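Asker: Input: one structure, supplied below.
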Protein chains: 2
Amino acid sequence: MIEVEIKARAPISALADELSRRGAGFEKTVVQSDTYYNAPHRDFAVTDEAVRLREQDGKAYLTYKGKKLDAKSKTRKEVEVGVSDRAKMEDILLSLGFRKTLDVVKTRGIYHYKGVEICLDRIEGLGEFVELESMADNAAEIPQKRDELIALMHELGVEGGQIRESYLEMLLAKKFG
Amino acid sequence: MIEVEIKARAPISALADELSRRGAGFEKTVVQSDTYYNAPHRDFAVTDEAVRLREQDGKAYLTYKGKKLDAKSKTRKEVEVGVSDRAKMEDILLSLGFRKTLDVVKTRGIYHYKGVEICLDRIEGLGEFVELESMADNAAEIPQKRDELIALMHELGVEGGQIRESYLEMLLAKKFG
């Protein structure tokens with residue numbers, strides 16, 4: 001299974017109303033406090049990888065993201081593991097020579113509609129976005145799944161163009177670009 | 001607090017009898033299945049660091065060990081964090097370019113005697129050892145603590161000379177040396 005995602009700027013409170021009107025399922029709202037790290041031996045800005053420590057609901061997670069597999073969507077390898085202590089995991093990363101890049105604080109409302117996970121995101125310092133996610137069985141299925149997501153985004157009245165950059169890349173561009 | 005450790009070869013079943021005769025407290029026996037990794041950007045055999053994934057009692061732990069701080073004992077920085085999935089943590093390490101070095105499988109009996117933790121270790125492929133551990137409040141206290149451990153080791157009748165190498169280093173020397 002491969003995750004297929006698309007993303008655009010959108011006014012999330014209007015979108016929440018629209019989803020509610022259509023009877024979409026509301027799952028929950030979560031606050032994700034993320035810190036991204038760069039590696040000592042290769043520049044993730046060049047290799048398009050990421051290492052992230054996330055805190056959510058009092059639990060911590062370490063995530064590795066590989067480079068994007070598909071030029072049109074945001075598909076990539078992703079491995080996540082729960083860790084017992086965020087500060088100790090950060091100590092290990094820094095001891096190994098990894099460096100903090102940036103913090104990303106996200107408030108995410110999660111909905112389900114027509115088999116798609118819809119996330120309404122507010123990112124501190126960036127603004128409001130909608131992300132649509134579904135799963136492809138294999139690489140050949142990715143283009144079709146992506147087209148379905150784009151059609152659903154239009155159906156919901158989202159007018160912003162597709163954004164391929166991650167929130168991290170957008171925050172880095174704002175800070176250093 | 002700084003961990004102070006000394007280690008020597010010793011016949012562990014005779015030593016277990018001796019500890020029992022003296023009324024030492026027996027805590028438990030654990031089996032630790034460890035895998036060590038080397039880094040892509042510096043050679044841990046040179047920098048004297050270690051990254052280890054440990055499985056014990058069905059739980060997994062990631063550990064970073066810094067270089068030794070003291071020439072006479074095995075004192076070093078050590079940070080350990082529990083991880084929810086050993087295979088996924090290994091996937092993250094390998095994706096980042098870390099490489100497996102060696103497996104170390106240890107059966108350890110843990111005793112407490114005169115304020116010291118005494119470990120009777122059987123290491124697959126290496127043999128039998130005793131490790132004595134206590135805690136120093138600061139670096140200045142390390143020599144005294146070490147001398148106390150050496151005295152206790154003699155008192156228990158251990159005749160083998162002190163070993164400063166880790167089990168990992170000894171296994172590597174046996175395999176490649």
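By convention in this document, the chains of the structure tokens carry letters A, B, ... by their order, each chain's residues are numbered from 1, and ligands are numbered from 1 in the order they are shown.
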Tell me the residues of chain A close to chain B, meaning within 7 Å using only C-alpha atoms, as a ChimeraX atom specification.

Answerer: /A:41,64,79-85,88-89,92

Asker: Can you tell me, as a ChimeraX atom specification, which residues in segment 32-115 of chain B count as strand (DSSP E) by DSSP?

Answerer: /B:32-38,50-56,59-68,76-83,99-113

Asker: Would you please work out which residue, of A:Glu141, A:Tyr111, A:Ala151, A:Leu102, is nearest to Lys175 of chain A when using only C-alpha atoms?

Answerer: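 Ranking A:Glu141, A:Tyr111, A:Ala151, A:Leu102 by distance to Lys175 of chain A, first place goes to A:Leu102.
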
Asker: Looking at A:Ser20, A:Ser166, A:Thr29, A:Thr35, which one is nearest to Asp103 of chain A, with distances taken over only C-alpha atoms?

Answerer: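 With only C-alpha atoms as the atom set, the closest residue is A:Thr35.
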
Asker: For segment 129-132 of chain B, list every protein, DNA or RNA residue within 12 Å, evaluated using only C-alpha atoms, and leave out those in the same chain fewer than 4 positions away; present the list as a tab-separated table (two decimals) with C-alpha atoms, in the first residue's frame.

Answerer:
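Output file out_39.tsv is given in full below:
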chain	number	residue	atom	x	y	z
B	3	GLU	CA	28.13	4.85	35.94
B	4	VAL	CA	31.41	3.19	36.95
B	5	GLU	CA	32.01	-0.36	35.69
B	6	ILE	CA	34.72	-2.99	35.82
B	7	LYS	CA	34.70	-6.39	34.15
B	8	ALA	CA	36.70	-9.64	34.17
B	9	ARG	CA	36.45	-13.23	33.00
B	10	ALA	CA	35.02	-15.47	35.73
B	11	PRO	CA	33.33	-18.87	36.10
B	12	ILE	CA	29.79	-17.65	36.72
B	13	SER	CA	28.26	-20.71	38.34
B	14	ALA	CA	30.98	-20.75	41.06
B	15	LEU	CA	30.49	-17.00	41.51
B	16	ALA	CA	26.70	-17.41	41.79
B	19	LEU	CA	27.21	-14.65	46.13
B	73	SER	CA	37.22	2.46	33.69
B	74	LYS	CA	34.48	2.12	31.09
B	106	LYS	CA	23.83	-12.10	26.49
B	107	THR	CA	22.28	-14.09	29.37
B	108	ARG	CA	22.74	-11.94	32.49
B	109	GLY	CA	22.11	-12.79	36.13
B	110	ILE	CA	21.77	-9.61	38.21
B	111	TYR	CA	22.74	-9.50	41.91
B	112	HIS	CA	23.09	-6.72	44.50
B	113	TYR	CA	25.76	-6.81	47.19
B	114	LYS	CA	27.29	-4.04	49.34
B	115	GLY	CA	25.63	-1.33	47.23
B	116	VAL	CA	27.09	-2.72	44.01
B	117	GLU	CA	25.24	-4.25	41.06
B	118	ILE	CA	26.93	-7.51	40.09
B	119	CYS	CA	26.16	-9.04	36.68
B	120	LEU	CA	27.07	-12.62	35.82
B	121	ASP	CA	27.16	-12.71	32.02
B	122	ARG	CA	27.28	-15.54	29.50
B	123	ILE	CA	27.99	-14.17	26.02
B	124	GLU	CA	27.32	-16.39	22.99
B	145	LYS	CA	34.52	4.08	43.22
B	146	ARG	CA	36.65	2.10	40.78
B	147	ASP	CA	39.08	1.08	43.53
B	148	GLU	CA	36.16	-0.11	45.68
B	149	LEU	CA	34.88	-2.24	42.80
B	150	ILE	CA	38.34	-3.76	42.25
B	151	ALA	CA	38.64	-4.58	45.98
B	152	LEU	CA	35.21	-6.24	45.93
B	153	MET	CA	36.14	-8.25	42.85
B	154	HIS	CA	39.22	-9.61	44.68
B	156	LEU	CA	34.82	-12.45	45.69
B	157	GLY	CA	37.83	-14.48	44.50
B	158	VAL	CA	37.80	-13.34	40.87
B	159	GLU	CA	41.30	-13.96	39.51
B	160	GLY	CA	40.98	-12.76	35.90
B	161	GLY	CA	42.53	-9.40	35.02
B	162	GLN	CA	40.32	-6.39	34.29
B	163	ILE	CA	38.91	-6.19	30.77
B	164	ARG	CA	38.30	-2.74	29.37
B	166	SER	CA	33.19	-4.08	25.48
B	167	TYR	CA	31.64	-7.41	24.49

Asker: So that I can see what lies close to Arg76 of chain B, please list as JSON, numbers by chain the residues with an atom at most 6 Å from it, counting only C-alpha atoms and leaving out residues fewer than 2 positions away in the same chain.

Answerer: {"B": [66, 67, 68, 69]}

Asker: List as number ranges by chain the protein and nucleic acid residues near Lys100 of chain A, meaning an atom at most 7 Å away when only C-alpha atoms are counted, but skip any in the same chain fewer than 2 places from it.

Answerer: A: 36-38, 98, 102

Asker: For atom CA of Asp43 of chain A and atom CA of Thr75 of chain A, quote the distance in Å rounded to one decimal.

Answerer: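 Distance between the two atoms: 19.9 Å.
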
Asker: Report the residues of segment 91-172 of chain B whose backbone DSSP state falls under alpha helix (DSSP H), written as a list of chain:residue names.

Answerer: B:Asp91, B:Ile92, B:Leu93, B:Leu94, B:Ser95, B:Ile142, B:Pro143, B:Gln144, B:Lys145, B:Arg146, B:Asp147, B:Glu148, B:Leu149, B:Ile150, B:Ala151, B:Leu152, B:Met153, B:His154, B:Glu155, B:Tyr167, B:Leu168, B:Glu169, B:Met170, B:Leu171, B:Leu172

Asker: What is the distance, in Å and to one decimal place, between atom CA of Val46 of chain A and atom CA of Ser134 of chain A?

Answerer: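 Taking atom CA of Val46 of chain A and atom CA of Ser134 of chain A, their separation equals 27.1 Å.
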
Asker: Hey, can you check how far atom CA of Leu168 of chain A sits from atom CA of Gly58 of chain A?

Answerer: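 Pair atom CA of Leu168 of chain A / atom CA of Gly58 of chain A returns 21.8 Å.
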